[in-house]
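Chemist: Okay, handing you the structure first.
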Amino acid sequence: MAKVSGLQKHFDRLNPRQIQIAAKAGLWAGANEIKVEAQLSITRGSVSGKNHVASKPGEPPNNDTGVLKNNIETISTGPLTAEVQSKAPYAAALEFGTSKVKERPYMRPAAKKMKPVVAEHVKAVLDAVLRRKG
């Protein structure tokens, strides 16, 4: 029978708490990337004030007062979950549309665009933990 040495050291290195902390950090960083992308999509090319022009249906809303952009936040919703949301009173109406206004999505496209970046953040932090010398 083969003798395995260093097994306890290997198990110690794979500390579940450290892995959870790293994964949470990666998810948080990724969620913040989504937040920034949503904010940028609202402000790209927009004009505030009297020269403001509303965006076309299907495009992200154009920034005017900054309420929508400034109310986008990242929140921790659990040990391994995070959400990006806007607390602006009209955020959902713009994202999904209403019976009178067609949708102007900004969160869903940001999440879709940043999905590979989120995965890379999580991978990088987990790789760092798993490659750490015991």
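Identifiers in the structure tokens: chain A, B, ... in order shown; residue index from 1 per chain; ligand index from 1 in order shown.
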Assign secondary structure with DSSP using the backbone only, and return the residues of stretch 6-127 of chain A in helix (DSSP H, G or I) as a tab-separated table (two decimals) with all heavy atoms, in the first residue's frame.

Modeler:
```tsv
chain	number	residue	atom	x	y	z
A	7	LEU	N	-0.68	14.93	3.81
A	7	LEU	CA	-2.12	15.02	3.59
A	7	LEU	C	-2.77	16.05	4.52
A	7	LEU	O	-3.60	16.84	4.07
A	7	LEU	CB	-2.76	13.64	3.78
A	7	LEU	CG	-4.18	13.47	3.28
A	7	LEU	CD1	-4.29	13.82	1.80
A	7	LEU	CD2	-4.65	12.04	3.51
A	8	GLN	N	-2.40	16.06	5.78
A	8	GLN	CA	-3.00	17.03	6.71
A	8	GLN	C	-2.66	18.45	6.30
A	8	GLN	O	-3.51	19.34	6.36
A	8	GLN	CB	-2.55	16.76	8.16
A	8	GLN	CG	-3.28	17.63	9.17
A	8	GLN	CD	-4.81	17.43	9.13
A	8	GLN	OE1	-5.30	16.31	9.16
A	8	GLN	NE2	-5.54	18.53	9.05
A	9	LYS	N	-1.45	18.68	5.87
A	9	LYS	CA	-1.05	20.01	5.41
A	9	LYS	C	-1.91	20.45	4.22
A	9	LYS	O	-2.33	21.60	4.14
A	9	LYS	CB	0.43	20.00	5.04
A	9	LYS	CG	0.98	21.35	4.70
A	9	LYS	CD	2.48	21.26	4.44
A	9	LYS	CE	3.02	22.62	4.07
A	9	LYS	NZ	4.45	22.58	3.79
A	10	HIS	N	-2.19	19.52	3.35
A	10	HIS	CA	-3.03	19.81	2.19
A	10	HIS	C	-4.46	20.15	2.65
A	10	HIS	O	-5.04	21.13	2.18
A	10	HIS	CB	-3.04	18.62	1.24
A	10	HIS	CG	-3.91	18.79	0.05
A	10	HIS	ND1	-3.65	19.72	-0.93
A	10	HIS	CD2	-5.06	18.17	-0.31
A	10	HIS	CE1	-4.59	19.66	-1.86
A	10	HIS	NE2	-5.46	18.72	-1.50
A	11	PHE	N	-5.02	19.38	3.54
A	11	PHE	CA	-6.37	19.65	4.05
A	11	PHE	C	-6.43	21.00	4.77
A	11	PHE	O	-7.39	21.74	4.65
A	11	PHE	CB	-6.86	18.53	4.96
A	11	PHE	CG	-7.30	17.30	4.24
A	11	PHE	CD1	-6.93	16.05	4.70
A	11	PHE	CD2	-8.09	17.38	3.10
A	11	PHE	CE1	-7.33	14.89	4.03
A	11	PHE	CE2	-8.50	16.23	2.43
A	11	PHE	CZ	-8.12	14.99	2.89
A	12	ASP	N	-5.40	21.31	5.54
A	12	ASP	CA	-5.34	22.59	6.24
A	12	ASP	C	-5.34	23.75	5.24
A	12	ASP	O	-5.93	24.80	5.49
A	12	ASP	CB	-4.11	22.67	7.14
A	12	ASP	CG	-4.19	21.73	8.32
A	12	ASP	OD1	-5.30	21.23	8.62
A	12	ASP	OD2	-3.13	21.46	8.94
A	13	ARG	N	-4.65	23.55	4.14
A	13	ARG	CA	-4.57	24.58	3.11
A	13	ARG	C	-5.93	24.83	2.47
A	13	ARG	O	-6.24	25.93	2.05
A	13	ARG	CB	-3.56	24.14	2.04
A	13	ARG	CG	-3.25	25.18	1.00
A	13	ARG	CD	-2.16	24.71	0.07
A	13	ARG	NE	-2.50	23.50	-0.64
A	13	ARG	CZ	-3.18	23.46	-1.79
A	13	ARG	NH1	-3.60	24.56	-2.34
A	13	ARG	NH2	-3.44	22.32	-2.38
A	16	PRO	N	-12.14	25.61	4.46
A	16	PRO	CA	-13.41	26.07	3.87
A	16	PRO	C	-13.73	27.52	4.18
A	16	PRO	O	-14.28	28.23	3.36
A	16	PRO	CB	-14.45	25.13	4.50
A	16	PRO	CG	-13.71	23.94	4.95
A	16	PRO	CD	-12.33	24.42	5.28
A	17	ARG	N	-13.38	27.99	5.36
A	17	ARG	CA	-13.66	29.39	5.73
A	17	ARG	C	-12.86	30.35	4.85
A	17	ARG	O	-13.38	31.36	4.39
A	17	ARG	CB	-13.34	29.61	7.22
A	17	ARG	CG	-13.62	30.99	7.69
A	17	ARG	CD	-15.13	31.25	7.81
A	17	ARG	NE	-15.34	32.61	8.24
A	17	ARG	CZ	-16.17	33.45	7.66
A	17	ARG	NH1	-16.91	33.07	6.66
A	17	ARG	NH2	-16.29	34.67	8.09
A	18	GLN	N	-11.60	30.02	4.60
A	18	GLN	CA	-10.78	30.87	3.74
A	18	GLN	C	-11.29	30.86	2.30
A	18	GLN	O	-11.28	31.88	1.62
A	18	GLN	CB	-9.31	30.42	3.79
A	18	GLN	CG	-8.64	30.68	5.12
A	18	GLN	CD	-8.65	32.14	5.50
A	18	GLN	OE1	-8.40	33.01	4.67
A	18	GLN	NE2	-8.96	32.42	6.75
A	19	ILE	N	-11.75	29.71	1.85
A	19	ILE	CA	-12.31	29.62	0.50
A	19	ILE	C	-13.58	30.46	0.40
A	19	ILE	O	-13.79	31.19	-0.57
A	19	ILE	CB	-12.57	28.14	0.12
A	19	ILE	CG1	-11.23	27.42	-0.03
A	19	ILE	CG2	-13.39	28.04	-1.15
A	19	ILE	CD1	-11.34	25.92	-0.17
A	20	GLN	N	-14.43	30.41	1.42
A	20	GLN	CA	-15.66	31.20	1.42
A	20	GLN	C	-15.34	32.71	1.43
A	20	GLN	O	-15.96	33.47	0.70
A	20	GLN	CB	-16.53	30.85	2.63
A	20	GLN	CG	-17.84	31.61	2.65
A	20	GLN	CD	-18.72	31.23	3.83
A	20	GLN	OE1	-18.34	30.44	4.68
A	20	GLN	NE2	-19.90	31.79	3.86
A	21	ILE	N	-14.39	33.11	2.23
A	21	ILE	CA	-13.99	34.51	2.28
A	21	ILE	C	-13.48	34.98	0.92
A	21	ILE	O	-13.84	36.06	0.44
A	21	ILE	CB	-12.94	34.74	3.39
A	21	ILE	CG1	-13.59	34.59	4.77
A	21	ILE	CG2	-12.28	36.10	3.25
A	21	ILE	CD1	-12.60	34.52	5.91
A	22	ALA	N	-12.66	34.16	0.29
A	22	ALA	CA	-12.12	34.51	-1.02
A	22	ALA	C	-13.23	34.59	-2.07
A	22	ALA	O	-13.27	35.52	-2.88
A	22	ALA	CB	-11.06	33.49	-1.44
A	23	ALA	N	-14.13	33.61	-2.06
A	23	ALA	CA	-15.22	33.61	-3.04
A	23	ALA	C	-16.11	34.83	-2.86
A	23	ALA	O	-16.51	35.48	-3.83
A	23	ALA	CB	-16.04	32.33	-2.91
A	24	LYS	N	-16.38	35.19	-1.62
A	24	LYS	CA	-17.20	36.38	-1.34
A	24	LYS	C	-16.51	37.64	-1.87
A	24	LYS	O	-17.15	38.50	-2.46
A	24	LYS	CB	-17.48	36.50	0.15
A	24	LYS	CG	-18.37	37.68	0.49
A	24	LYS	CD	-18.77	37.70	1.94
A	24	LYS	CE	-19.74	38.84	2.18
A	24	LYS	NZ	-20.48	38.70	3.41
A	25	ALA	N	-15.21	37.73	-1.66
A	25	ALA	CA	-14.46	38.89	-2.15
A	25	ALA	C	-14.52	38.97	-3.68
A	25	ALA	O	-14.68	40.06	-4.25
A	25	ALA	CB	-13.01	38.81	-1.68
A	26	GLY	N	-14.39	37.83	-4.33
A	26	GLY	CA	-14.48	37.81	-5.79
A	26	GLY	C	-15.85	38.20	-6.30
A	26	GLY	O	-15.98	38.96	-7.26
A	27	LEU	N	-16.89	37.69	-5.63
A	27	LEU	CA	-18.26	38.03	-6.02
A	27	LEU	C	-18.53	39.51	-5.79
A	27	LEU	O	-19.18	40.18	-6.61
A	27	LEU	CB	-19.27	37.18	-5.25
A	27	LEU	CG	-19.34	35.72	-5.66
A	27	LEU	CD1	-20.16	34.93	-4.65
A	27	LEU	CD2	-19.94	35.59	-7.05
A	28	TRP	N	-18.05	40.05	-4.69
A	28	TRP	CA	-18.25	41.47	-4.38
A	28	TRP	C	-17.56	42.34	-5.44
A	28	TRP	O	-18.15	43.32	-5.93
A	28	TRP	CB	-17.72	41.77	-2.99
A	28	TRP	CG	-17.98	43.18	-2.57
A	28	TRP	CD1	-17.10	44.22	-2.58
A	28	TRP	CD2	-19.23	43.72	-2.10
A	28	TRP	NE1	-17.72	45.36	-2.14
A	28	TRP	CE2	-19.02	45.08	-1.84
A	28	TRP	CE3	-20.49	43.17	-1.88
A	28	TRP	CZ2	-20.03	45.92	-1.37
A	28	TRP	CZ3	-21.49	44.00	-1.41
A	28	TRP	CH2	-21.26	45.35	-1.16
A	29	ALA	N	-16.34	41.99	-5.78
A	29	ALA	CA	-15.62	42.74	-6.81
A	29	ALA	C	-16.36	42.67	-8.15
A	29	ALA	O	-16.49	43.67	-8.86
A	29	ALA	CB	-14.19	42.21	-6.95
A	30	GLY	N	-16.86	41.49	-8.48
A	30	GLY	CA	-17.60	41.33	-9.73
A	30	GLY	C	-18.90	42.12	-9.73
A	30	GLY	O	-19.26	42.75	-10.73
A	31	ALA	N	-19.62	42.11	-8.61
A	31	ALA	CA	-20.86	42.88	-8.51
A	31	ALA	C	-20.58	44.37	-8.67
A	31	ALA	O	-21.35	45.09	-9.32
A	31	ALA	CB	-21.55	42.58	-7.19
A	32	ASN	N	-19.47	44.83	-8.12
A	32	ASN	CA	-19.11	46.23	-8.29
A	32	ASN	C	-18.79	46.56	-9.74
A	32	ASN	O	-19.05	47.67	-10.20
A	32	ASN	CB	-17.97	46.62	-7.35
A	32	ASN	CG	-18.47	46.96	-5.97
A	32	ASN	OD1	-19.42	47.71	-5.81
A	32	ASN	ND2	-17.84	46.39	-4.97
A	33	GLU	N	-18.23	45.61	-10.47
A	33	GLU	CA	-17.98	45.82	-11.90
A	33	GLU	C	-19.30	46.00	-12.65
A	33	GLU	O	-19.42	46.83	-13.55
A	33	GLU	CB	-17.21	44.63	-12.49
A	33	GLU	CG	-15.82	44.45	-11.94
A	33	GLU	CD	-14.78	45.28	-12.65
A	33	GLU	OE1	-15.12	46.08	-13.55
A	33	GLU	OE2	-13.60	45.13	-12.29
A	34	ILE	N	-20.31	45.22	-12.27
A	34	ILE	CA	-21.63	45.35	-12.89
A	34	ILE	C	-22.21	46.72	-12.56
A	34	ILE	O	-22.77	47.40	-13.43
A	34	ILE	CB	-22.58	44.23	-12.42
A	34	ILE	CG1	-22.07	42.88	-12.95
A	34	ILE	CG2	-24.02	44.49	-12.88
A	34	ILE	CD1	-22.77	41.67	-12.34
A	35	LYS	N	-22.09	47.15	-11.31
A	35	LYS	CA	-22.58	48.46	-10.89
A	35	LYS	C	-21.96	49.57	-11.75
A	35	LYS	O	-22.66	50.43	-12.28
A	35	LYS	CB	-22.25	48.69	-9.42
A	35	LYS	CG	-22.52	50.10	-8.93
A	35	LYS	CD	-21.98	50.29	-7.52
A	35	LYS	CE	-21.97	51.76	-7.15
A	35	LYS	NZ	-21.39	51.98	-5.83
A	36	VAL	N	-20.65	49.54	-11.87
A	36	VAL	CA	-19.94	50.57	-12.64
A	36	VAL	C	-20.37	50.55	-14.10
A	36	VAL	O	-20.61	51.60	-14.71
A	36	VAL	CB	-18.41	50.42	-12.48
A	36	VAL	CG1	-17.66	51.30	-13.46
A	36	VAL	CG2	-17.99	50.72	-11.06
A	37	GLU	N	-20.50	49.37	-14.66
A	37	GLU	CA	-20.92	49.26	-16.07
A	37	GLU	C	-22.33	49.82	-16.25
A	37	GLU	O	-22.61	50.51	-17.23
A	37	GLU	CB	-20.84	47.82	-16.56
A	37	GLU	CG	-21.31	47.62	-17.99
A	37	GLU	CD	-20.57	48.47	-19.02
A	37	GLU	OE1	-19.38	48.77	-18.84
A	37	GLU	OE2	-21.21	48.83	-20.04
A	38	ALA	N	-23.24	49.53	-15.33
A	38	ALA	CA	-24.60	50.07	-15.42
A	38	ALA	C	-24.56	51.60	-15.34
A	38	ALA	O	-25.23	52.29	-16.13
A	38	ALA	CB	-25.48	49.50	-14.31
A	39	GLN	N	-23.76	52.14	-14.42
A	39	GLN	CA	-23.64	53.59	-14.30
A	39	GLN	C	-23.05	54.21	-15.56
A	39	GLN	O	-23.53	55.24	-16.04
A	39	GLN	CB	-22.79	53.95	-13.08
A	39	GLN	CG	-23.46	53.66	-11.77
A	39	GLN	CD	-22.55	53.83	-10.57
A	39	GLN	OE1	-21.36	53.52	-10.64
A	39	GLN	NE2	-23.11	54.32	-9.48
A	40	LEU	N	-22.02	53.57	-16.10
A	40	LEU	CA	-21.41	54.10	-17.32
A	40	LEU	C	-22.38	54.06	-18.50
A	40	LEU	O	-22.40	54.98	-19.32
A	40	LEU	CB	-20.14	53.31	-17.66
A	40	LEU	CG	-18.94	53.57	-16.75
A	40	LEU	CD1	-17.80	52.61	-17.08
A	40	LEU	CD2	-18.47	55.01	-16.87
A	41	SER	N	-23.18	53.01	-18.58
A	41	SER	CA	-24.12	52.91	-19.71
A	41	SER	C	-25.15	54.03	-19.67
A	41	SER	O	-25.63	54.47	-20.70
A	41	SER	CB	-24.81	51.54	-19.73
A	41	SER	OG	-25.77	51.44	-18.70
A	42	ILE	N	-25.47	54.51	-18.49
A	42	ILE	CA	-26.43	55.60	-18.32
A	42	ILE	C	-25.80	56.94	-18.69
A	42	ILE	O	-26.45	57.81	-19.25
A	42	ILE	CB	-26.96	55.64	-16.87
A	42	ILE	CG1	-27.78	54.39	-16.58
A	42	ILE	CG2	-27.76	56.90	-16.60
A	42	ILE	CD1	-28.08	54.18	-15.10
A	43	THR	N	-24.53	57.11	-18.38
A	43	THR	CA	-23.89	58.42	-18.57
A	43	THR	C	-23.18	58.58	-19.91
A	43	THR	O	-22.91	59.70	-20.32
A	43	THR	CB	-22.87	58.68	-17.44
A	43	THR	OG1	-21.91	57.64	-17.42
A	43	THR	CG2	-23.57	58.78	-16.10
A	49	GLY	N	-29.75	68.51	-18.11
A	49	GLY	CA	-30.30	69.86	-18.15
A	49	GLY	C	-31.20	70.11	-19.33
A	49	GLY	O	-31.85	69.20	-19.86
A	50	LYS	N	-31.21	71.37	-19.80
A	50	LYS	CA	-32.18	71.76	-20.83
A	50	LYS	C	-31.94	71.09	-22.18
A	50	LYS	O	-32.85	70.99	-22.99
A	50	LYS	CB	-32.21	73.28	-20.99
A	50	LYS	CG	-30.99	73.89	-21.62
A	50	LYS	CD	-31.16	75.37	-21.82
A	50	LYS	CE	-30.00	75.90	-22.65
A	50	LYS	NZ	-30.25	77.23	-23.14
A	51	ASN	N	-30.75	70.61	-22.43
A	51	ASN	CA	-30.45	69.93	-23.70
A	51	ASN	C	-30.59	68.40	-23.61
A	51	ASN	O	-30.21	67.68	-24.52
A	51	ASN	CB	-29.05	70.30	-24.18
A	51	ASN	CG	-28.94	71.76	-24.53
A	51	ASN	OD1	-29.88	72.35	-25.04
A	51	ASN	ND2	-27.79	72.35	-24.25
A	67	VAL	N	-30.12	60.89	-10.57
A	67	VAL	CA	-30.79	60.10	-9.53
A	67	VAL	C	-30.66	58.60	-9.81
A	67	VAL	O	-30.33	57.82	-8.91
A	67	VAL	CB	-32.28	60.51	-9.39
A	67	VAL	CG1	-33.03	59.55	-8.48
A	67	VAL	CG2	-32.38	61.93	-8.88
A	68	LEU	N	-30.89	58.19	-11.04
A	68	LEU	CA	-30.81	56.76	-11.37
A	68	LEU	C	-29.39	56.25	-11.15
A	68	LEU	O	-29.17	55.28	-10.44
A	68	LEU	CB	-31.26	56.52	-12.81
A	68	LEU	CG	-31.26	55.07	-13.26
A	68	LEU	CD1	-32.28	54.26	-12.48
A	68	LEU	CD2	-31.56	54.98	-14.76
A	69	LYS	N	-28.42	56.93	-11.73
A	69	LYS	CA	-27.02	56.51	-11.62
A	69	LYS	C	-26.54	56.50	-10.17
A	69	LYS	O	-25.89	55.56	-9.73
A	69	LYS	CB	-26.13	57.45	-12.44
A	69	LYS	CG	-24.64	57.18	-12.32
A	69	LYS	CD	-23.80	58.23	-13.00
A	69	LYS	CE	-23.67	59.49	-12.23
A	69	LYS	NZ	-22.74	59.48	-11.12
A	70	ASN	N	-26.89	57.51	-9.42
A	70	ASN	CA	-26.40	57.64	-8.05
A	70	ASN	C	-27.11	56.70	-7.07
A	70	ASN	O	-26.65	56.56	-5.93
A	70	ASN	CB	-26.53	59.08	-7.57
A	70	ASN	CG	-25.60	60.00	-8.32
A	70	ASN	OD1	-24.55	59.59	-8.81
A	70	ASN	ND2	-25.97	61.26	-8.44
A	91	ALA	N	-36.55	53.20	-11.35
A	91	ALA	CA	-35.55	52.26	-11.87
A	91	ALA	C	-36.18	51.08	-12.59
A	91	ALA	O	-35.80	50.74	-13.72
A	91	ALA	CB	-34.65	51.78	-10.74
A	92	ALA	N	-37.14	50.42	-11.96
A	92	ALA	CA	-37.77	49.24	-12.57
A	92	ALA	C	-38.55	49.61	-13.81
A	92	ALA	O	-38.54	48.87	-14.80
A	92	ALA	CB	-38.67	48.54	-11.55
A	93	ALA	N	-39.22	50.76	-13.79
A	93	ALA	CA	-39.99	51.19	-14.96
A	93	ALA	C	-39.08	51.38	-16.16
A	93	ALA	O	-39.44	51.02	-17.29
A	93	ALA	CB	-40.75	52.48	-14.65
A	94	LEU	N	-37.90	51.94	-15.94
A	94	LEU	CA	-36.96	52.11	-17.05
A	94	LEU	C	-36.39	50.77	-17.50
A	94	LEU	O	-36.29	50.49	-18.70
A	94	LEU	CB	-35.82	53.05	-16.65
A	94	LEU	CG	-36.19	54.53	-16.57
A	94	LEU	CD1	-35.06	55.32	-15.93
A	94	LEU	CD2	-36.51	55.08	-17.94
A	95	GLU	N	-36.01	49.94	-16.55
A	95	GLU	CA	-35.40	48.64	-16.89
A	95	GLU	C	-36.36	47.74	-17.65
A	95	GLU	O	-35.99	47.11	-18.63
A	95	GLU	CB	-34.92	47.95	-15.61
A	95	GLU	CG	-34.27	46.59	-15.85
A	95	GLU	CD	-32.89	46.67	-16.46
A	95	GLU	OE1	-32.21	47.69	-16.34
A	95	GLU	OE2	-32.47	45.67	-17.07
A	96	PHE	N	-37.60	47.66	-17.20
A	96	PHE	CA	-38.54	46.69	-17.76
A	96	PHE	C	-39.65	47.30	-18.60
A	96	PHE	O	-40.39	46.59	-19.27
A	96	PHE	CB	-39.17	45.87	-16.63
A	96	PHE	CG	-38.14	45.13	-15.82
A	96	PHE	CD1	-37.83	45.54	-14.53
A	96	PHE	CD2	-37.46	44.05	-16.34
A	96	PHE	CE1	-36.87	44.88	-13.77
A	96	PHE	CE2	-36.50	43.38	-15.61
A	96	PHE	CZ	-36.21	43.79	-14.32
A	107	MET	N	-29.42	47.50	-16.39
A	107	MET	CA	-28.87	46.51	-15.46
A	107	MET	C	-28.62	45.17	-16.15
A	107	MET	O	-27.55	44.59	-16.00
A	107	MET	CB	-29.80	46.31	-14.27
A	107	MET	CG	-29.88	47.50	-13.35
A	107	MET	SD	-28.37	47.72	-12.42
A	107	MET	CE	-29.07	48.03	-10.83
A	108	ARG	N	-29.63	44.67	-16.86
A	108	ARG	CA	-29.46	43.37	-17.51
A	108	ARG	C	-28.32	43.37	-18.51
A	108	ARG	O	-27.50	42.45	-18.51
A	108	ARG	CB	-30.78	42.92	-18.15
A	108	ARG	CG	-31.84	42.56	-17.11
A	108	ARG	CD	-33.19	42.30	-17.74
A	108	ARG	NE	-33.71	43.56	-18.28
A	108	ARG	CZ	-34.67	43.66	-19.17
A	108	ARG	NH1	-35.24	42.58	-19.66
A	108	ARG	NH2	-35.09	44.84	-19.57
A	109	PRO	N	-28.20	44.40	-19.37
A	109	PRO	CA	-27.05	44.41	-20.28
A	109	PRO	C	-25.71	44.50	-19.54
A	109	PRO	O	-24.72	43.88	-19.96
A	109	PRO	CB	-27.28	45.65	-21.14
A	109	PRO	CG	-28.75	45.87	-21.10
A	109	PRO	CD	-29.16	45.45	-19.71
A	110	ALA	N	-25.68	45.26	-18.44
A	110	ALA	CA	-24.44	45.37	-17.67
A	110	ALA	C	-24.06	44.02	-17.08
A	110	ALA	O	-22.90	43.61	-17.12
A	110	ALA	CB	-24.59	46.42	-16.57
A	111	ALA	N	-25.05	43.31	-16.53
A	111	ALA	CA	-24.79	41.99	-15.95
A	111	ALA	C	-24.31	41.01	-17.01
A	111	ALA	O	-23.36	40.25	-16.79
A	111	ALA	CB	-26.03	41.46	-15.25
A	112	LYS	N	-24.95	41.06	-18.16
A	112	LYS	CA	-24.56	40.15	-19.25
A	112	LYS	C	-23.14	40.45	-19.73
A	112	LYS	O	-22.33	39.55	-19.92
A	112	LYS	CB	-25.55	40.28	-20.40
A	112	LYS	CG	-25.28	39.35	-21.54
A	112	LYS	CD	-26.32	39.46	-22.64
A	112	LYS	CE	-26.01	38.50	-23.78
A	112	LYS	NZ	-26.99	38.63	-24.87
A	113	LYS	N	-22.85	41.73	-19.91
A	113	LYS	CA	-21.52	42.13	-20.39
A	113	LYS	C	-20.42	41.76	-19.39
A	113	LYS	O	-19.33	41.34	-19.78
A	113	LYS	CB	-21.50	43.64	-20.65
A	113	LYS	CG	-20.18	44.16	-21.15
A	113	LYS	CD	-20.25	45.65	-21.44
A	113	LYS	CE	-18.91	46.16	-21.95
A	113	LYS	NZ	-18.96	47.59	-22.26
A	114	MET	N	-20.72	41.91	-18.11
A	114	MET	CA	-19.70	41.72	-17.09
A	114	MET	C	-19.63	40.29	-16.55
A	114	MET	O	-18.77	39.99	-15.72
A	114	MET	CB	-19.92	42.70	-15.94
A	114	MET	CG	-19.88	44.17	-16.38
A	114	MET	SD	-18.49	44.62	-17.44
A	114	MET	CE	-17.16	44.54	-16.29
A	115	LYS	N	-20.49	39.40	-17.00
A	115	LYS	CA	-20.49	38.02	-16.50
A	115	LYS	C	-19.12	37.36	-16.57
A	115	LYS	O	-18.66	36.77	-15.59
A	115	LYS	CB	-21.54	37.20	-17.24
A	115	LYS	CG	-21.71	35.80	-16.69
A	115	LYS	CD	-22.84	35.07	-17.41
A	115	LYS	CE	-23.01	33.68	-16.84
A	115	LYS	NZ	-24.11	32.96	-17.50
A	116	PRO	N	-18.40	37.47	-17.70
A	116	PRO	CA	-17.06	36.86	-17.73
A	116	PRO	C	-16.08	37.53	-16.76
A	116	PRO	O	-15.20	36.87	-16.21
A	116	PRO	CB	-16.59	37.07	-19.18
A	116	PRO	CG	-17.78	37.46	-19.96
A	116	PRO	CD	-18.78	38.01	-19.01
A	117	VAL	N	-16.25	38.82	-16.52
A	117	VAL	CA	-15.38	39.54	-15.59
A	117	VAL	C	-15.64	39.07	-14.16
A	117	VAL	O	-14.71	38.87	-13.38
A	117	VAL	CB	-15.59	41.07	-15.73
A	117	VAL	CG1	-14.78	41.83	-14.70
A	117	VAL	CG2	-15.24	41.53	-17.14
A	118	VAL	N	-16.91	38.87	-13.82
A	118	VAL	CA	-17.26	38.35	-12.49
A	118	VAL	C	-16.62	36.98	-12.30
A	118	VAL	O	-15.99	36.72	-11.26
A	118	VAL	CB	-18.80	38.28	-12.31
A	118	VAL	CG1	-19.15	37.60	-10.99
A	118	VAL	CG2	-19.42	39.66	-12.39
A	119	ALA	N	-16.77	36.12	-13.28
A	119	ALA	CA	-16.18	34.78	-13.20
A	119	ALA	C	-14.67	34.85	-13.02
A	119	ALA	O	-14.08	34.09	-12.24
A	119	ALA	CB	-16.54	33.96	-14.43
A	120	GLU	N	-14.03	35.79	-13.71
A	120	GLU	CA	-12.58	35.94	-13.60
A	120	GLU	C	-12.17	36.42	-12.21
A	120	GLU	O	-11.17	35.96	-11.65
A	120	GLU	CB	-12.06	36.90	-14.67
A	120	GLU	CG	-10.56	36.92	-14.80
A	120	GLU	CD	-9.93	35.55	-15.04
A	120	GLU	OE1	-10.46	34.74	-15.83
A	120	GLU	OE2	-8.89	35.27	-14.41
A	121	HIS	N	-12.94	37.33	-11.63
A	121	HIS	CA	-12.67	37.78	-10.25
A	121	HIS	C	-12.72	36.61	-9.28
A	121	HIS	O	-11.85	36.45	-8.45
A	121	HIS	CB	-13.67	38.86	-9.81
A	121	HIS	CG	-13.33	40.24	-10.26
A	121	HIS	ND1	-12.23	40.92	-9.82
A	121	HIS	CD2	-13.96	41.07	-11.12
A	121	HIS	CE1	-12.18	42.10	-10.38
A	121	HIS	NE2	-13.23	42.22	-11.17
A	122	VAL	N	-13.78	35.82	-9.38
A	122	VAL	CA	-13.94	34.68	-8.47
A	122	VAL	C	-12.80	33.68	-8.68
A	122	VAL	O	-12.19	33.20	-7.72
A	122	VAL	CB	-15.32	34.02	-8.63
A	122	VAL	CG1	-15.42	32.74	-7.81
A	122	VAL	CG2	-16.43	34.99	-8.26
A	123	LYS	N	-12.51	33.39	-9.93
A	123	LYS	CA	-11.43	32.45	-10.24
A	123	LYS	C	-10.10	32.94	-9.68
A	123	LYS	O	-9.35	32.17	-9.06
A	123	LYS	CB	-11.32	32.26	-11.75
A	123	LYS	CG	-10.23	31.29	-12.17
A	123	LYS	CD	-10.14	31.23	-13.69
A	123	LYS	CE	-9.08	30.28	-14.17
A	123	LYS	NZ	-7.76	30.46	-13.62
A	124	ALA	N	-9.81	34.22	-9.84
A	124	ALA	CA	-8.52	34.75	-9.39
A	124	ALA	C	-8.36	34.65	-7.87
A	124	ALA	O	-7.30	34.24	-7.39
A	124	ALA	CB	-8.38	36.21	-9.83
A	125	VAL	N	-9.40	34.99	-7.14
A	125	VAL	CA	-9.26	34.94	-5.67
A	125	VAL	C	-9.21	33.50	-5.17
A	125	VAL	O	-8.48	33.20	-4.23
A	125	VAL	CB	-10.34	35.76	-4.94
A	125	VAL	CG1	-10.20	37.24	-5.24
A	125	VAL	CG2	-11.73	35.28	-5.24
A	126	LEU	N	-9.98	32.61	-5.80
A	126	LEU	CA	-9.93	31.21	-5.39
A	126	LEU	C	-8.58	30.58	-5.75
A	126	LEU	O	-8.02	29.82	-4.96
A	126	LEU	CB	-11.09	30.43	-6.00
A	126	LEU	CG	-12.46	30.75	-5.42
A	126	LEU	CD1	-13.54	29.98	-6.16
A	126	LEU	CD2	-12.51	30.46	-3.93
A	127	ASP	N	-8.07	30.92	-6.93
A	127	ASP	CA	-6.74	30.42	-7.30
A	127	ASP	C	-5.69	30.86	-6.28
A	127	ASP	O	-4.82	30.09	-5.90
A	127	ASP	CB	-6.34	30.92	-8.69
A	127	ASP	CG	-6.95	30.12	-9.81
A	127	ASP	OD1	-7.58	29.07	-9.54
A	127	ASP	OD2	-6.83	30.55	-10.98
```

Chemist: Go ahead and compute the interatomic distance for atom CA of A:Pro60 and atom CA of A:Ile75, in Å to one decimal.

Modeler: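 Computing the Euclidean distance for atom CA of A:Pro60 and atom CA of A:Ile75 yields 22.0 Å.
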
Chemist: What's the separation between atom CA of A:Lys100 and atom CA of A:Asn63, in Å to one decimal place?

Modeler: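 Going from atom CA of A:Lys100 over to atom CA of A:Asn63 covers 20.0 Å.
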
Chemist: Name the residues of chain A that come out as strand (DSSP E) in a backbone DSSP run; write them as a count of residues only.

Modeler: 13

Chemist: Which value, in Å to one decimal, gives the distance between atom CA of A:Glu59 and atom CA of A:Ser99?

Modeler: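 Computing it gives 17.3 Å between the two atoms.
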